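S.K.: The file below is run.pdb, PDB, C-alpha atoms:
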```pdb
ATOM      1  CA  MET S 217    -159.647  54.223 -41.438
ATOM      2  CA  ASN S 218    -160.329  51.124 -43.473
ATOM      3  CA  LYS S 219    -163.597  49.260 -42.915
ATOM      4  CA  ILE S 220    -162.236  46.857 -40.342
ATOM      5  CA  GLU S 221    -160.609  49.656 -38.352
ATOM      6  CA  ARG S 222    -163.830  51.678 -38.578
ATOM      7  CA  MET S 223    -165.994  48.863 -37.244
ATOM      8  CA  ARG S 224    -163.570  47.994 -34.462
ATOM      9  CA  ALA S 225    -163.595  51.604 -33.344
ATOM     10  CA  LEU S 226    -167.391  51.656 -33.459
ATOM     11  CA  PHE S 227    -167.646  48.496 -31.353
ATOM     12  CA  ARG S 228    -165.429  50.205 -28.769
ATOM     13  CA  ASN S 229    -167.830  53.168 -29.017
ATOM     14  CA  GLU S 230    -164.993  55.365 -30.213
ATOM     15  CA  LYS S 231    -165.064  58.102 -32.838
ATOM     16  CA  THR S 232    -164.997  56.832 -36.430
ATOM     17  CA  ASP S 233    -163.795  58.671 -39.503
ATOM     18  CA  VAL S 234    -167.255  58.527 -41.088
ATOM     19  CA  VAL S 235    -170.609  57.120 -40.027
ATOM     20  CA  PRO S 236    -170.547  53.422 -40.967
ATOM     21  CA  ALA S 237    -173.549  51.859 -42.694
ATOM     22  CA  GLY S 238    -174.915  48.494 -43.723
ATOM     23  CA  PHE S 239    -178.138  47.098 -45.165
ATOM     24  CA  TRP S 240    -179.165  43.560 -46.096
ATOM     25  CA  PHE S 241    -181.934  41.463 -47.576
ATOM     26  CA  HIS S 242    -182.723  37.797 -48.207
ATOM     27  CA  TYR S 243    -181.469  35.827 -51.203
ATOM     28  CA  ARG S 244    -183.007  32.915 -53.059
ATOM     29  CA  ASN S 245    -182.625  29.769 -50.973
ATOM     30  CA  GLU S 246    -182.302  27.607 -54.090
ATOM     31  CA  TYR S 247    -178.889  29.157 -54.772
ATOM     32  CA  ASP S 248    -175.959  26.790 -54.464
ATOM     33  CA  GLU S 249    -172.884  27.767 -52.459
ATOM     34  CA  VAL S 250    -171.207  29.576 -55.341
ATOM     35  CA  GLN S 251    -174.336  31.492 -56.334
ATOM     36  CA  MET S 252    -175.089  32.480 -52.738
ATOM     37  CA  ALA S 253    -171.555  33.722 -52.134
ATOM     38  CA  GLN S 254    -171.575  35.628 -55.423
ATOM     39  CA  ALA S 255    -174.891  37.270 -54.524
ATOM     40  CA  HIS S 256    -173.479  38.478 -51.203
ATOM     41  CA  LEU S 257    -170.307  39.731 -52.862
ATOM     42  CA  ALA S 258    -172.282  41.564 -55.532
ATOM     43  CA  THR S 259    -174.221  43.367 -52.814
ATOM     44  CA  TYR S 260    -171.060  44.238 -50.921
ATOM     45  CA  HIS S 261    -169.232  45.620 -53.956
ATOM     46  CA  ALA S 262    -172.255  47.527 -55.261
ATOM     47  CA  THR S 263    -173.263  49.137 -51.976
ATOM     48  CA  ASP S 264    -169.896  49.786 -50.258
ATOM     49  CA  ALA S 265    -171.388  48.590 -46.940
ATOM     50  CA  ASP S 266    -169.055  48.481 -43.957
ATOM     51  CA  ILE S 267    -169.750  44.836 -43.124
ATOM     52  CA  VAL S 268    -170.942  41.715 -44.899
ATOM     53  CA  LYS S 269    -173.912  40.084 -43.185
ATOM     54  CA  VAL S 270    -174.049  36.486 -44.369
ATOM     55  CA  MET S 271    -177.744  35.695 -44.569
ATOM     56  CA  GLN S 272    -179.194  32.476 -43.107
ATOM     57  CA  ASP S 273    -181.162  31.560 -46.227
ATOM     58  CA  TYR S 274    -180.763  27.787 -46.133
ATOM     59  CA  VAL S 275    -183.458  26.290 -43.910
ATOM     60  CA  CYS S 276    -182.266  23.724 -41.391
ATOM     61  CA  GLN S 277    -184.902  21.045 -40.987
ATOM     62  CA  ILE S 278    -185.188  19.196 -37.680
ATOM     63  CA  GLU S 279    -185.838  15.574 -38.515
ATOM     64  CA  THR S 280    -187.270  14.620 -35.113
ATOM     65  CA  PRO S 281    -191.074  14.872 -35.400
ATOM     66  CA  VAL S 282    -192.892  16.885 -32.738
ATOM     67  CA  LYS S 283    -196.625  16.342 -32.379
ATOM     68  CA  VAL S 284    -197.203  16.146 -28.610
ATOM     69  CA  PRO S 285    -195.310  17.947 -25.812
ATOM     70  CA  ALA S 286    -193.378  14.838 -24.787
ATOM     71  CA  ASP S 287    -191.734  14.788 -28.233
ATOM     72  CA  TRP S 288    -189.659  17.857 -27.345
ATOM     73  CA  LYS S 289    -187.578  15.769 -24.973
ATOM     74  CA  ARG S 290    -186.462  13.538 -27.873
ATOM     75  CA  LEU S 291    -185.351  16.407 -30.085
ATOM     76  CA  LYS S 292    -182.104  16.274 -32.037
ATOM     77  CA  PHE S 293    -180.544  19.087 -34.050
ATOM     78  CA  PRO S 294    -177.889  18.727 -36.774
ATOM     79  CA  GLY S 295    -174.313  19.431 -35.723
ATOM     80  CA  THR S 296    -171.391  20.970 -37.554
ATOM     81  CA  ASP S 297    -170.920  17.739 -39.492
ATOM     82  CA  SER S 298    -174.340  18.215 -41.144
ATOM     83  CA  ALA S 299    -174.842  19.140 -44.794
ATOM     84  CA  VAL S 300    -176.667  22.378 -43.950
ATOM     85  CA  PHE S 301    -173.881  23.653 -41.686
ATOM     86  CA  LYS S 302    -171.251  22.751 -44.266
ATOM     87  CA  LYS S 303    -173.254  24.600 -46.920
ATOM     88  CA  LEU S 304    -173.542  27.724 -44.774
ATOM     89  CA  SER S 305    -169.889  27.681 -43.773
ATOM     90  CA  GLY S 306    -168.971  27.062 -47.393
ATOM     91  CA  VAL S 307    -170.718  30.283 -48.398
ATOM     92  CA  LEU S 308    -168.930  32.139 -45.614
ATOM     93  CA  LYS S 309    -165.525  30.816 -46.655
ATOM     94  CA  ARG S 310    -166.070  31.767 -50.302
ATOM     95  CA  ILE S 311    -166.934  35.317 -49.265
ATOM     96  CA  LEU S 312    -163.916  35.557 -46.994
ATOM     97  CA  ASP S 313    -161.610  34.193 -49.687
ATOM     98  CA  GLU S 314    -162.409  37.286 -51.765
ATOM     99  CA  VAL S 315    -162.888  40.109 -49.252
ATOM    100  CA  GLY S 316    -161.856  38.753 -45.865
ATOM    101  CA  ASP S 317    -158.847  41.042 -45.602
ATOM    102  CA  GLU S 318    -160.873  44.221 -46.122
ATOM    103  CA  VAL S 319    -164.224  43.806 -44.349
ATOM    104  CA  MET S 320    -165.749  42.025 -41.369
ATOM    105  CA  ALA S 321    -168.231  39.248 -42.125
ATOM    106  CA  PHE S 322    -170.951  38.307 -39.645
ATOM    107  CA  GLN S 323    -172.835  35.036 -39.856
ATOM    108  CA  THR S 324    -176.563  35.386 -39.260
ATOM    109  CA  MET S 325    -177.871  33.102 -36.519
ATOM    110  CA  TYR S 326    -181.524  32.409 -35.806
ATOM    111  CA  GLY S 327    -182.240  31.727 -32.148
ATOM    112  CA  PRO S 328    -183.221  28.254 -30.912
ATOM    113  CA  PHE S 329    -186.904  29.198 -30.605
ATOM    114  CA  LYS S 330    -186.959  30.499 -34.177
ATOM    115  CA  SER S 331    -185.292  27.303 -35.381
ATOM    116  CA  ALA S 332    -188.086  25.360 -33.688
ATOM    117  CA  VAL S 333    -190.746  27.552 -35.302
ATOM    118  CA  ILE S 334    -189.200  27.021 -38.741
ATOM    119  CA  ALA S 335    -189.428  23.273 -38.178
ATOM    120  CA  PHE S 336    -192.783  22.914 -36.446
ATOM    121  CA  GLY S 337    -194.707  26.164 -36.825
ATOM    122  CA  ASP S 338    -195.461  29.022 -34.455
ATOM    123  CA  ALA S 339    -198.896  27.757 -33.419
ATOM    124  CA  LEU S 340    -197.618  24.361 -32.248
ATOM    125  CA  LEU S 341    -194.638  25.813 -30.383
ATOM    126  CA  MET S 342    -196.752  28.401 -28.595
ATOM    127  CA  ALA S 343    -199.421  25.845 -27.658
ATOM    128  CA  HIS S 344    -196.839  23.454 -26.245
ATOM    129  CA  ALA S 345    -194.971  26.285 -24.490
ATOM    130  CA  LYS S 346    -198.135  27.148 -22.598
ATOM    131  CA  GLU S 347    -199.123  23.528 -21.960
ATOM    132  CA  ALA S 348    -195.744  21.988 -21.129
ATOM    133  CA  PRO S 349    -193.042  24.662 -20.796
ATOM    134  CA  ASP S 350    -190.526  22.285 -19.223
ATOM    135  CA  ALA S 351    -190.710  19.926 -22.184
ATOM    136  CA  VAL S 352    -190.304  22.775 -24.677
ATOM    137  CA  ALA S 353    -187.396  24.198 -22.676
ATOM    138  CA  ALA S 354    -185.660  20.821 -22.809
ATOM    139  CA  GLY S 355    -186.005  20.586 -26.590
ATOM    140  CA  VAL S 356    -184.994  24.173 -27.184
ATOM    141  CA  GLY S 357    -181.999  23.582 -24.930
ATOM    142  CA  VAL S 358    -180.827  20.822 -27.275
ATOM    143  CA  ILE S 359    -181.125  23.234 -30.215
ATOM    144  CA  ALA S 360    -179.211  25.879 -28.260
ATOM    145  CA  GLU S 361    -176.314  23.511 -27.599
ATOM    146  CA  ALA S 362    -176.096  22.666 -31.293
ATOM    147  CA  LEU S 363    -176.294  26.326 -32.354
ATOM    148  CA  ALA S 364    -173.569  27.190 -29.858
ATOM    149  CA  GLU S 365    -171.450  24.605 -31.668
ATOM    150  CA  TRP S 366    -172.428  26.175 -34.986
ATOM    151  CA  THR S 367    -171.447  29.620 -33.680
ATOM    152  CA  ALA S 368    -167.995  28.424 -32.694
ATOM    153  CA  GLY S 369    -167.687  26.670 -36.057
ATOM    154  CA  PHE S 370    -168.512  29.794 -38.041
ATOM    155  CA  ILE S 371    -166.003  31.857 -36.077
ATOM    156  CA  ASP S 372    -163.364  29.167 -36.502
ATOM    157  CA  ALA S 373    -164.103  29.343 -40.246
ATOM    158  CA  GLY S 374    -163.214  33.051 -40.207
ATOM    159  CA  ALA S 375    -166.383  34.943 -39.305
ATOM    160  CA  SER S 376    -165.771  38.169 -37.395
ATOM    161  CA  GLY S 377    -168.723  37.257 -35.183
ATOM    162  CA  ILE S 378    -172.425  36.534 -35.437
ATOM    163  CA  TYR S 379    -175.504  38.581 -36.211
ATOM    164  CA  TYR S 380    -177.929  37.148 -33.686
ATOM    165  CA  ALA S 381    -181.646  37.523 -34.375
ATOM    166  CA  ALA S 382    -183.232  37.503 -30.908
ATOM    167  CA  GLN S 383    -186.966  36.999 -31.000
ATOM    168  CA  PHE S 384    -190.080  36.158 -28.976
ATOM    169  CA  SER S 385    -190.222  39.326 -26.878
ATOM    170  CA  GLU S 386    -193.375  40.540 -28.611
ATOM    171  CA  PRO S 387    -196.072  41.901 -26.274
ATOM    172  CA  GLY S 388    -198.828  39.310 -26.017
ATOM    173  CA  ARG S 389    -196.635  36.301 -26.745
ATOM    174  CA  PHE S 390    -194.982  35.658 -23.370
ATOM    175  CA  THR S 391    -194.922  37.558 -20.124
ATOM    176  CA  LYS S 392    -191.456  38.760 -19.202
ATOM    177  CA  GLU S 393    -191.263  36.038 -16.562
ATOM    178  CA  GLU S 394    -192.166  33.344 -19.115
ATOM    179  CA  TRP S 395    -189.659  34.770 -21.589
ATOM    180  CA  GLU S 396    -186.917  34.819 -18.966
ATOM    181  CA  THR S 397    -187.556  31.165 -18.168
ATOM    182  CA  LEU S 398    -188.076  29.826 -21.684
ATOM    183  CA  VAL S 399    -186.305  32.043 -24.207
ATOM    184  CA  ARG S 400    -183.512  33.949 -22.513
ATOM    185  CA  PRO S 401    -181.408  30.919 -21.427
ATOM    186  CA  SER S 402    -181.236  29.529 -24.962
ATOM    187  CA  ASP S 403    -180.383  32.941 -26.415
ATOM    188  CA  LEU S 404    -177.573  33.395 -23.929
ATOM    189  CA  ARG S 405    -176.179  29.935 -24.571
ATOM    190  CA  VAL S 406    -175.660  30.774 -28.257
ATOM    191  CA  MET S 407    -174.468  34.322 -27.717
ATOM    192  CA  GLN S 408    -172.042  33.245 -25.018
ATOM    193  CA  ALA S 409    -170.432  30.875 -27.502
ATOM    194  CA  ALA S 410    -169.572  33.941 -29.590
ATOM    195  CA  ALA S 411    -168.440  35.916 -26.557
ATOM    196  CA  ASP S 412    -166.183  33.044 -25.517
ATOM    197  CA  LYS S 413    -164.396  33.357 -28.864
ATOM    198  CA  GLY S 414    -163.605  36.993 -28.136
ATOM    199  CA  THR S 415    -165.324  38.251 -31.265
ATOM    200  CA  ALA S 416    -167.682  41.153 -31.890
ATOM    201  CA  HIS S 417    -171.316  40.300 -32.385
ATOM    202  CA  ILE S 418    -174.467  42.104 -33.437
ATOM    203  CA  LEU S 419    -177.764  41.775 -31.562
ATOM    204  CA  HIS S 420    -180.883  42.228 -33.699
ATOM    205  CA  ILE S 421    -184.123  42.354 -31.714
ATOM    206  CA  CYS S 422    -186.673  40.965 -34.160
ATOM    207  CA  GLY S 423    -190.468  40.757 -34.161
ATOM    208  CA  GLU S 424    -192.848  38.507 -36.069
ATOM    209  CA  PRO S 425    -195.758  39.595 -38.306
ATOM    210  CA  GLU S 426    -198.278  37.727 -36.127
ATOM    211  CA  TYR S 427    -197.433  40.274 -33.414
ATOM    212  CA  GLN S 428    -197.177  43.329 -35.696
ATOM    213  CA  PHE S 429    -193.348  43.129 -35.459
ATOM    214  CA  LYS S 430    -193.449  44.762 -32.019
ATOM    215  CA  THR S 431    -190.729  43.846 -29.512
ATOM    216  CA  SER S 432    -189.570  44.649 -25.991
ATOM    217  CA  PRO S 433    -185.990  45.941 -26.477
ATOM    218  CA  GLU S 434    -185.528  46.720 -22.789
ATOM    219  CA  TRP S 435    -185.591  42.973 -22.018
ATOM    220  CA  PHE S 436    -182.238  42.544 -23.785
ATOM    221  CA  VAL S 437    -180.187  45.203 -22.008
ATOM    222  CA  ASP S 438    -177.782  42.778 -20.343
ATOM    223  CA  TYR S 439    -177.309  40.416 -23.304
ATOM    224  CA  PRO S 440    -173.664  40.139 -24.439
ATOM    225  CA  PHE S 441    -173.306  42.104 -27.686
ATOM    226  CA  SER S 442    -171.108  44.669 -29.404
ATOM    227  CA  ILE S 443    -173.856  46.659 -31.148
ATOM    228  CA  VAL S 444    -177.651  46.474 -31.032
ATOM    229  CA  ASN S 445    -180.435  46.898 -33.598
ATOM    230  CA  TRP S 446    -184.228  47.031 -33.300
ATOM    231  CA  SER S 447    -187.179  48.274 -35.335
ATOM    232  CA  VAL S 448    -187.784  51.911 -34.510
ATOM    233  CA  LYS S 449    -191.026  52.107 -36.456
ATOM    234  CA  ASP S 450    -192.513  48.940 -34.970
ATOM    235  CA  SER S 451    -191.334  49.183 -31.356
ATOM    236  CA  GLY S 452    -191.881  52.922 -30.962
ATOM    237  CA  LEU S 453    -188.425  53.193 -29.379
ATOM    238  CA  SER S 454    -186.322  55.882 -31.029
ATOM    239  CA  LEU S 455    -182.575  55.533 -31.420
ATOM    240  CA  GLU S 456    -182.078  58.389 -28.975
ATOM    241  CA  LYS S 457    -184.225  56.736 -26.287
ATOM    242  CA  GLY S 458    -182.609  53.387 -27.029
ATOM    243  CA  ARG S 459    -179.166  54.877 -26.435
ATOM    244  CA  LYS S 460    -180.270  55.705 -22.884
ATOM    245  CA  ILE S 461    -181.495  52.128 -22.338
ATOM    246  CA  PHE S 462    -178.432  50.439 -23.841
ATOM    247  CA  THR S 463    -175.969  52.664 -22.016
ATOM    248  CA  GLY S 464    -172.476  52.731 -23.477
ATOM    249  CA  LYS S 465    -173.320  50.536 -26.464
ATOM    250  CA  PRO S 466    -173.273  51.617 -30.123
ATOM    251  CA  ILE S 467    -176.517  51.458 -32.065
ATOM    252  CA  LEU S 468    -177.316  50.070 -35.531
ATOM    253  CA  GLY S 469    -180.371  51.090 -37.517
ATOM    254  CA  GLY S 470    -182.789  53.973 -37.824
ATOM    255  CA  MET S 471    -184.153  53.646 -41.362
ATOM    256  CA  ASN S 472    -187.530  52.161 -42.230
ATOM    257  CA  ASN S 473    -186.774  48.840 -43.945
ATOM    258  CA  LYS S 474    -189.954  49.162 -46.030
ATOM    259  CA  GLY S 475    -189.673  52.875 -46.723
ATOM    260  CA  SER S 476    -187.379  55.029 -48.832
ATOM    261  CA  ILE S 477    -184.584  52.435 -48.824
ATOM    262  CA  LEU S 478    -186.984  50.150 -50.716
ATOM    263  CA  LYS S 479    -189.012  52.607 -52.760
ATOM    264  CA  GLY S 480    -186.877  55.731 -53.204
ATOM    265  CA  PRO S 481    -186.568  58.329 -54.578
ATOM    266  CA  ASP S 482    -182.921  59.170 -53.934
ATOM    267  CA  SER S 483    -183.826  62.484 -52.356
ATOM    268  CA  ALA S 484    -186.044  60.736 -49.804
ATOM    269  CA  ILE S 485    -183.279  58.258 -48.940
ATOM    270  CA  GLU S 486    -180.811  61.072 -48.393
ATOM    271  CA  GLU S 487    -183.288  63.091 -46.339
ATOM    272  CA  GLU S 488    -184.181  60.128 -44.091
ATOM    273  CA  ALA S 489    -180.548  59.129 -43.565
ATOM    274  CA  ARG S 490    -179.415  62.663 -42.822
ATOM    275  CA  SER S 491    -182.263  63.320 -40.384
ATOM    276  CA  ILE S 492    -181.400  60.144 -38.450
ATOM    277  CA  ILE S 493    -177.723  61.019 -38.182
ATOM    278  CA  CYS S 494    -178.368  64.649 -37.337
ATOM    279  CA  ALA S 495    -180.771  63.658 -34.558
ATOM    280  CA  PHE S 496    -178.526  60.959 -33.086
ATOM    281  CA  GLY S 497    -175.085  62.358 -33.788
ATOM    282  CA  THR S 498    -172.137  60.853 -35.602
ATOM    283  CA  SER S 499    -170.697  58.898 -32.666
ATOM    284  CA  GLY S 500    -171.839  55.442 -31.637
ATOM    285  CA  LEU S 501    -174.032  54.964 -34.692
ATOM    286  CA  MET S 502    -174.062  52.600 -37.660
ATOM    287  CA  LEU S 503    -176.756  53.593 -40.121
ATOM    288  CA  GLY S 504    -178.946  50.656 -41.057
ATOM    289  CA  ALA S 505    -182.555  49.586 -41.268
ATOM    290  CA  ASP S 506    -185.154  48.307 -38.819
ATOM    291  CA  CYS S 507    -184.682  44.791 -40.180
ATOM    292  CA  THR S 508    -183.856  43.158 -43.501
ATOM    293  CA  ILE S 509    -185.153  45.183 -46.443
ATOM    294  CA  GLN S 510    -188.452  43.550 -47.369
ATOM    295  CA  GLY S 511    -190.621  43.931 -50.452
ATOM    296  CA  GLN S 512    -190.477  44.188 -54.207
ATOM    297  CA  GLY S 513    -187.900  46.329 -55.955
ATOM    298  CA  ILE S 514    -184.868  45.963 -53.668
ATOM    299  CA  SER S 515    -182.074  47.928 -55.290
ATOM    300  CA  HIS S 516    -178.321  48.022 -54.803
ATOM    301  CA  GLU S 517    -178.395  51.590 -56.079
ATOM    302  CA  ARG S 518    -180.800  52.774 -53.382
ATOM    303  CA  ILE S 519    -178.786  51.041 -50.685
ATOM    304  CA  ARG S 520    -175.632  52.674 -52.045
ATOM    305  CA  ARG S 521    -177.331  56.063 -51.801
ATOM    306  CA  ALA S 522    -177.954  55.542 -48.091
ATOM    307  CA  VAL S 523    -174.417  54.262 -47.481
ATOM    308  CA  ASP S 524    -172.895  57.187 -49.359
ATOM    309  CA  THR S 525    -175.025  59.597 -47.351
ATOM    310  CA  ALA S 526    -173.737  58.085 -44.101
ATOM    311  CA  HIS S 527    -170.158  58.154 -45.353
ATOM    312  CA  SER S 528    -170.492  61.855 -46.156
ATOM    313  CA  PHE S 529    -170.687  62.618 -42.417
ATOM    314  CA  ILE S 530    -167.243  63.141 -40.888
TER     315      ILE S 530
END
```
Rewrite the structure of this file - the entire thing - as structure tokens.
M.R.:
Amino acid sequence: MNKIERMRALFRNEKTDVVPAGFWFHYRNEYDEVQMAQAHLATYHATDADIVKVMQDYVCQIETPVKVPADWKRLKFPGTDSAVFKKLSGVLKRILDEVGDEVMAFQTMYGPFKSAVIAFGDALLMAHAKEAPDAVAAGVGVIAEALAEWTAGFIDAGASGIYYAAQFSEPGRFTKEEWETLVRPSDLRVMQAAADKGTAHILHICGEPEYQFKTSPEWFVDYPFSIVNWSVKDSGLSLEKGRKIFTGKPILGGMNNKGSILKGPDSAIEEEARSIICAFGTSGLMLGADCTIQGQGISHERIRRAVDTAHSFI
């Protein structure tokens, strides 16, 4: 199998020739389009990962000021004609121009709530969400419509799908009922835009440091996705237990994103990767990390060691 065939088989939850693998990390947001694309390509070539995850490292500022709850109803979010979208899609196109015939590329998408937090801060969003949830829902809905347009635009530009970072399920942030009313509809609006294009897409269930990175993976069971990822170490949900929750869906992850993959040594990387695969099995699994690799000393060589270990399983 080539990499595209391997990933398509995995998304269908079929047997693959080897265990696929992929790891990612953030790049410097001052890079221009050429530098950002080159950084992604360097990682891909050095690590032999089975996909390219195009990182969302250019911050999209929302120009509408929000100071009081009523301001959410005036919110506007840049469309696909904006400079930031064109910059992101430009990076994607440059990557695809070089490797698009050999590997799938997934555009990272932050959810509408995360986009609002980037613009206005977590404290303000949470305060307004408690005080005036209808106003916040209206503003976040505007962001969701724009990001749905972005999603379609990235796929039209050649992306194999999106890598959707779903957030705000941390215990202590919202009750499940609040989350279902406020967060879930905007998530589904963006993810459905990918589903409507008939592409594969990756669901990453992400937590924030203010909430110790904990999440509630079981809240996302019926989201539309091709493969799902969450933090094993932070949620306490093992891959094996997660497989029972996300019935019939392949799983991505397993490795501690701040552990051996960041610090080494090689023997520890190999041991961790092998123990994960041996415990889970070689079917329905893509070896990866809990989240982006975070910390000092990120190394292509260490990532390659984990990928090679996965690829050694047949």
S.K.: Once the PyMOL selection byres ((chain S and resi 503) around 9) has been applied to the shown file, what residues remain in the selection, as an MDAnalysis selection string?
M.R.: chainID S and resid 235:239 467:471 489 492:493 501:502 504:505 522:523 526
S.K.: The PyMOL selection byres ((chain S and resi 444) around 9) - which residues does that actually catch in the file I just gave you? List them as JSON, numbers by chain.
M.R.: {"S": [417, 418, 419, 420, 421, 441, 442, 443, 445, 446, 462, 465, 466, 467, 468, 469]}
S.K.: So that I have them on file, write out the residues from the current selection with C-alpha atoms, as a short mmCIF file (atom, residue, chain, number, x, y, z; two decimals), in the frame of the given file.
M.R.:
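The result, stored in result33.cif:
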```
data_model
loop_
_atom_site.label_atom_id
_atom_site.label_comp_id
_atom_site.auth_asym_id
_atom_site.auth_seq_id
_atom_site.Cartn_x
_atom_site.Cartn_y
_atom_site.Cartn_z
CA HIS S 417 -171.32 40.30 -32.38
CA ILE S 418 -174.47 42.10 -33.44
CA LEU S 419 -177.76 41.78 -31.56
CA HIS S 420 -180.88 42.23 -33.70
CA ILE S 421 -184.12 42.35 -31.71
CA PHE S 441 -173.31 42.10 -27.69
CA SER S 442 -171.11 44.67 -29.40
CA ILE S 443 -173.86 46.66 -31.15
CA ASN S 445 -180.44 46.90 -33.60
CA TRP S 446 -184.23 47.03 -33.30
CA PHE S 462 -178.43 50.44 -23.84
CA LYS S 465 -173.32 50.54 -26.46
CA PRO S 466 -173.27 51.62 -30.12
CA ILE S 467 -176.52 51.46 -32.06
CA LEU S 468 -177.32 50.07 -35.53
CA GLY S 469 -180.37 51.09 -37.52
#
```
S.K.: Using only C-alpha atoms for the distances, tell me which of S:Ile278, S:Ala484, S:Val307, S:Leu312 is nearest to Val358 of chain S.
M.R.: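 Among S:Ile278, S:Ala484, S:Val307, S:Leu312, it is S:Ile278 that comes nearest to Val358 of chain S.
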S.K.: For a quick check of understanding, using only C-alpha atoms, which of S:Glu486, S:Glu361, S:Glu394, S:Asp403 has the smallest distance to Tyr380 of chain S?
M.R.: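 The closest residue to Tyr380 of chain S is S:Asp403.
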S.K.: Specify as a ChimeraX atom specification each residue included when the PyMOL selection byres ((chain S and resi 389) around 12) is applied to this file.
M.R.: /S:338-339,341-343,345-346,383-388,390-395,398-399,423-424,426-432
S.K.: Ranking S:Ala362, S:Leu453, S:Leu257, S:Phe370 by minimum distance to Gly295 of chain S and counting all atoms listed in the file, which one comes first?
M.R.: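 Using all atoms listed in the file, Gly295 of chain S sits closest to S:Ala362.
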S.K.: Ranking S:Pro349, S:Glu249, S:Arg290, S:Phe329 by minimum distance to Lys302 of chain S and counting only C-alpha atoms, which one comes first?
M.R.: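 Once distances to Lys302 of chain S are computed over only C-alpha atoms, the minimum belongs to S:Glu249.
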S.K.: What separation in Å, quoted to one decimal, exists between atom CA of Lys269 of chain S and atom CA of Ile461 of chain S?
M.R.: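 If I compute the distance from atom CA of Lys269 of chain S to atom CA of Ile461 of chain S, I get 25.2 Å.
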S.K.: Near Asp297 of chain S, within 12 Å and counting only C-alpha atoms, which residues show up once chain neighbours fewer than 4 positions away are dropped, as a PDB file with C-alpha atoms, in the coordinates of the input?
M.R.:
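So the final result, stored in result-v2.pdb, reads:
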```pdb
ATOM      1  CA  PHE S 293    -180.544  19.087 -34.050  1.00  0.00           C
ATOM      2  CA  PHE S 301    -173.881  23.653 -41.686  1.00  0.00           C
ATOM      3  CA  LYS S 302    -171.251  22.751 -44.266  1.00  0.00           C
ATOM      4  CA  LYS S 303    -173.254  24.600 -46.920  1.00  0.00           C
ATOM      5  CA  LEU S 304    -173.542  27.724 -44.774  1.00  0.00           C
ATOM      6  CA  SER S 305    -169.889  27.681 -43.773  1.00  0.00           C
ATOM      7  CA  ALA S 362    -176.096  22.666 -31.293  1.00  0.00           C
ATOM      8  CA  GLU S 365    -171.450  24.605 -31.668  1.00  0.00           C
ATOM      9  CA  TRP S 366    -172.428  26.175 -34.986  1.00  0.00           C
ATOM     10  CA  GLY S 369    -167.687  26.670 -36.057  1.00  0.00           C
TER      11      GLY S 369
END
```
S.K.: Which one is closest to Gly374 of chain S: S:Val282, S:Ala416, S:Ala411, S:Leu308? Count only C-alpha atoms.
M.R.: S:Leu308
S.K.: For the structure just given, write the atoms of segment 368-379 of chain S, namely C-alpha atoms, as a PDB file, in the first residue's frame.
M.R.:
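Full text of result-v2.pdb as output:
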```pdb
ATOM      1  CA  ALA S 368     -15.215  24.006   1.986  1.00  0.00           C
ATOM      2  CA  GLY S 369     -12.546  26.362   0.641  1.00  0.00           C
ATOM      3  CA  PHE S 370      -9.677  24.276   1.980  1.00  0.00           C
ATOM      4  CA  ILE S 371     -11.144  21.093   0.523  1.00  0.00           C
ATOM      5  CA  ASP S 372     -11.733  22.814  -2.804  1.00  0.00           C
ATOM      6  CA  ALA S 373      -8.055  23.838  -2.676  1.00  0.00           C
ATOM      7  CA  GLY S 374      -7.078  20.159  -2.454  1.00  0.00           C
ATOM      8  CA  ALA S 375      -7.136  19.215   1.226  1.00  0.00           C
ATOM      9  CA  SER S 376      -8.062  15.590   1.882  1.00  0.00           C
ATOM     10  CA  GLY S 377     -10.205  16.804   4.776  1.00  0.00           C
ATOM     11  CA  ILE S 378      -9.883  18.712   8.024  1.00  0.00           C
ATOM     12  CA  TYR S 379      -8.305  18.023  11.386  1.00  0.00           C
TER      13      TYR S 379
END
```
